[in-house]
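One file, structure.csv, is given below (CSV, C-alpha atoms and all ligand atoms).
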chain,number,residue,atom,x,y,z
A,1,MET,CA,-29.3,25.8,-162.1
A,2,ILE,CA,-28.6,27.4,-158.8
A,3,LYS,CA,-29.7,25.6,-155.7
A,4,TYR,CA,-30.2,27.4,-152.4
A,5,LYS,CA,-30.1,26.1,-148.9
A,6,LYS,CA,-32.0,27.7,-146.0
A,7,ILE,CA,-30.1,29.6,-143.4
A,8,THR,CA,-31.5,31.3,-140.4
A,9,THR,CA,-30.3,34.6,-139.0
A,10,THR,CA,-31.1,36.3,-135.8
A,11,THR,CA,-32.1,39.9,-135.6
A,12,GLU,CA,-31.9,41.8,-132.4
A,13,GLU,CA,-33.6,45.0,-131.3
A,14,ILE,CA,-33.3,47.0,-128.1
A,15,SER,CA,-35.7,45.9,-125.4
A,16,SER,CA,-34.5,48.2,-122.6
A,17,VAL,CA,-31.7,50.5,-121.6
A,18,LYS,CA,-30.2,50.6,-118.1
A,19,CYS,CA,-28.3,53.6,-116.7
A,20,ASP,CA,-24.8,52.5,-115.6
A,21,LYS,CA,-24.9,55.1,-112.7
A,22,CYS,CA,-28.3,54.9,-111.1
A,23,GLY,CA,-29.3,51.5,-112.4
A,24,LYS,CA,-32.7,52.6,-113.5
A,25,GLU,CA,-33.9,50.6,-116.5
A,26,TYR,CA,-36.3,52.0,-119.2
A,27,ASP,CA,-38.3,50.1,-121.8
A,28,ALA,CA,-37.2,50.8,-125.3
A,29,GLY,CA,-40.5,52.7,-126.0
A,30,ASP,CA,-40.0,55.1,-123.1
A,31,PHE,CA,-39.1,58.6,-124.2
A,32,GLU,CA,-36.3,58.6,-121.6
A,33,VAL,CA,-34.4,56.2,-123.8
A,34,GLN,CA,-34.1,58.9,-126.5
A,35,GLU,CA,-32.3,61.1,-123.9
A,36,PHE,CA,-29.7,58.6,-122.9
A,37,HIS,CA,-26.1,59.4,-123.5
A,38,HIS,CA,-23.9,56.6,-124.8
A,39,ILE,CA,-20.2,57.1,-124.2
A,40,SER,CA,-17.8,55.0,-126.2
A,41,PHE,CA,-14.1,55.7,-126.9
A,42,CYS,CA,-10.7,54.2,-126.8
A,43,GLY,CA,-8.2,55.7,-124.3
A,44,GLY,CA,-5.1,57.1,-126.0
A,45,TYR,CA,-1.6,57.5,-124.8
A,46,ALA,CA,-1.6,58.9,-121.2
A,47,SER,CA,-5.3,58.3,-120.8
A,48,VAL,CA,-6.5,58.0,-117.2
A,49,PHE,CA,-8.5,55.0,-118.4
A,50,GLY,CA,-5.5,53.2,-119.8
A,51,ASP,CA,-3.8,53.3,-123.2
A,52,GLY,CA,-5.9,51.3,-125.7
A,53,THR,CA,-8.7,50.7,-123.2
A,54,GLN,CA,-12.2,50.6,-124.8
A,55,VAL,CA,-14.5,52.7,-122.5
A,56,GLU,CA,-18.2,52.4,-122.7
A,57,CYS,CA,-21.0,53.8,-120.5
A,58,ASP,CA,-24.7,54.5,-120.8
A,59,ILE,CA,-26.0,57.4,-118.7
A,60,CYS,CA,-29.5,58.6,-118.3
A,61,GLN,CA,-30.2,62.3,-118.7
A,62,HIS,CA,-30.9,62.7,-114.9
A,63,CYS,CA,-27.5,61.3,-113.9
A,64,LEU,CA,-25.7,63.3,-116.6
A,65,TYR,CA,-27.4,66.5,-115.4
A,66,GLU,CA,-26.4,65.6,-111.8
A,67,MET,CA,-22.8,65.1,-112.9
A,68,VAL,CA,-22.3,68.2,-115.2
A,69,GLY,CA,-25.0,70.5,-113.8
A,70,GLU,CA,-22.6,73.1,-112.6
A,71,PHE,CA,-20.3,73.0,-115.7
A,72,TYR,CA,-22.4,72.7,-118.8
A,73,ARG,CA,-23.0,75.4,-121.4
A,74,CYS,CA,-26.4,75.7,-123.0
A,75,LYS,CA,-27.5,77.2,-126.3
A,76,GLU,CA,-31.1,77.7,-127.1
A,77,ALA,CA,-32.6,75.6,-129.9
A,78,THR,CA,-32.9,77.5,-133.2
B,101,ZN,ZN,-29.1,57.3,-114.2
Here is a file; write its structure as structure tokens.
Ligand SMILES: [Zn+2]
Amino acid sequence: MIKYKKITTTTEEISSVKCDKCGKEYDAGDFEVQEFHHISFCGGYASVFGDGTQVECDICQHCLYEMVGEFYRCKEAT
């Protein structure tokens, strides 16, 4: 006979997302959240962020457009 004991687990879900540049916060159900850009990488040797540094940033589409507006390339959706 196998006996079981009760364990509790916690499940988390996103409630909101805040832009690290402008500070604006959007509720999880807002369509703006789908257009966020989440940067996450580890700096390599000679990285300006530091060798082995974990870099993370959440940027709203408006701030990203402001930052790369002059430089981005765009292809039409097919
Ligand atoms: Zn922003």
Handout entry: Atomic separation - CA of Cys60 in chain A relative to CA of Phe36 in chain A, Å
Key = 4.6 Å
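One distance worth recording is that between CA of Cys19 in chain A and CA of Cys74 in chain A, which is 23.1 Å.
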Practice task
Using all atoms listed in the file, pick whichever of A:Ile39, A:Ala77, A:Cys22, A:Val55 has the shortest atom-to-atom distance to ligand ZN 101 (chain B).
Solution key: A:Cys22
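The spacing separating CA of Gln61 in chain A from CA of Lys18 in chain A amounts to 11.7 Å.
Environment of ligand ZN 101 (chain B), defined as every protein or nucleic acid residue with an atom within 12 Å of it and counting all atoms listed in the file, comprises Val17, Lys18, Cys19, Asp20, Lys21, Cys22, Gly23, Lys24, Glu25, Tyr26, Glu32, Val33, Glu35, Phe36, His37, His38, Cys57, Asp58, Ile59, Cys60, Gln61, His62, Cys63, Leu64, Tyr65, Glu66 and Met67 of chain A.
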How would the residues just chosen look if you wrote them out with C-alpha atoms as an mmCIF file, in the frame of the given file?
data_model
loop_
_atom_site.group_PDB
_atom_site.id
_atom_site.type_symbol
_atom_site.label_atom_id
_atom_site.label_comp_id
_atom_site.auth_asym_id
_atom_site.auth_seq_id
_atom_site.Cartn_x
_atom_site.Cartn_y
_atom_site.Cartn_z
ATOM 1 C CA VAL A 17 -31.700 50.500 -121.600
ATOM 2 C CA LYS A 18 -30.200 50.600 -118.100
ATOM 3 C CA CYS A 19 -28.300 53.600 -116.700
ATOM 4 C CA ASP A 20 -24.800 52.500 -115.600
ATOM 5 C CA LYS A 21 -24.900 55.100 -112.700
ATOM 6 C CA CYS A 22 -28.300 54.900 -111.100
ATOM 7 C CA GLY A 23 -29.300 51.500 -112.400
ATOM 8 C CA LYS A 24 -32.700 52.600 -113.500
ATOM 9 C CA GLU A 25 -33.900 50.600 -116.500
ATOM 10 C CA TYR A 26 -36.300 52.000 -119.200
ATOM 11 C CA GLU A 32 -36.300 58.600 -121.600
ATOM 12 C CA VAL A 33 -34.400 56.200 -123.800
ATOM 13 C CA GLU A 35 -32.300 61.100 -123.900
ATOM 14 C CA PHE A 36 -29.700 58.600 -122.900
ATOM 15 C CA HIS A 37 -26.100 59.400 -123.500
ATOM 16 C CA HIS A 38 -23.900 56.600 -124.800
ATOM 17 C CA CYS A 57 -21.000 53.800 -120.500
ATOM 18 C CA ASP A 58 -24.700 54.500 -120.800
ATOM 19 C CA ILE A 59 -26.000 57.400 -118.700
ATOM 20 C CA CYS A 60 -29.500 58.600 -118.300
ATOM 21 C CA GLN A 61 -30.200 62.300 -118.700
ATOM 22 C CA HIS A 62 -30.900 62.700 -114.900
ATOM 23 C CA CYS A 63 -27.500 61.300 -113.900
ATOM 24 C CA LEU A 64 -25.700 63.300 -116.600
ATOM 25 C CA TYR A 65 -27.400 66.500 -115.400
ATOM 26 C CA GLU A 66 -26.400 65.600 -111.800
ATOM 27 C CA MET A 67 -22.800 65.100 -112.900
#
Exercise for the section: Please provide as a ChimeraX atom specification all residues within 10 Å of Ser15 in chain A, with the sequence filter that same-chain residues fewer than 6 positions apart are discarded (counting all atoms listed in the file). Expected result: /A:26-29
With C-alpha atoms kept, could you save the residues just selected as an mmCIF file, in the coordinates of the input?
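Written out: out-v8.cif:
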data_model
loop_
_atom_site.group_PDB
_atom_site.id
_atom_site.type_symbol
_atom_site.label_atom_id
_atom_site.label_comp_id
_atom_site.auth_asym_id
_atom_site.auth_seq_id
_atom_site.Cartn_x
_atom_site.Cartn_y
_atom_site.Cartn_z
ATOM 1 C CA TYR A 26 -36.300 52.000 -119.200
ATOM 2 C CA ASP A 27 -38.300 50.100 -121.800
ATOM 3 C CA ALA A 28 -37.200 50.800 -125.300
ATOM 4 C CA GLY A 29 -40.500 52.700 -126.000
#
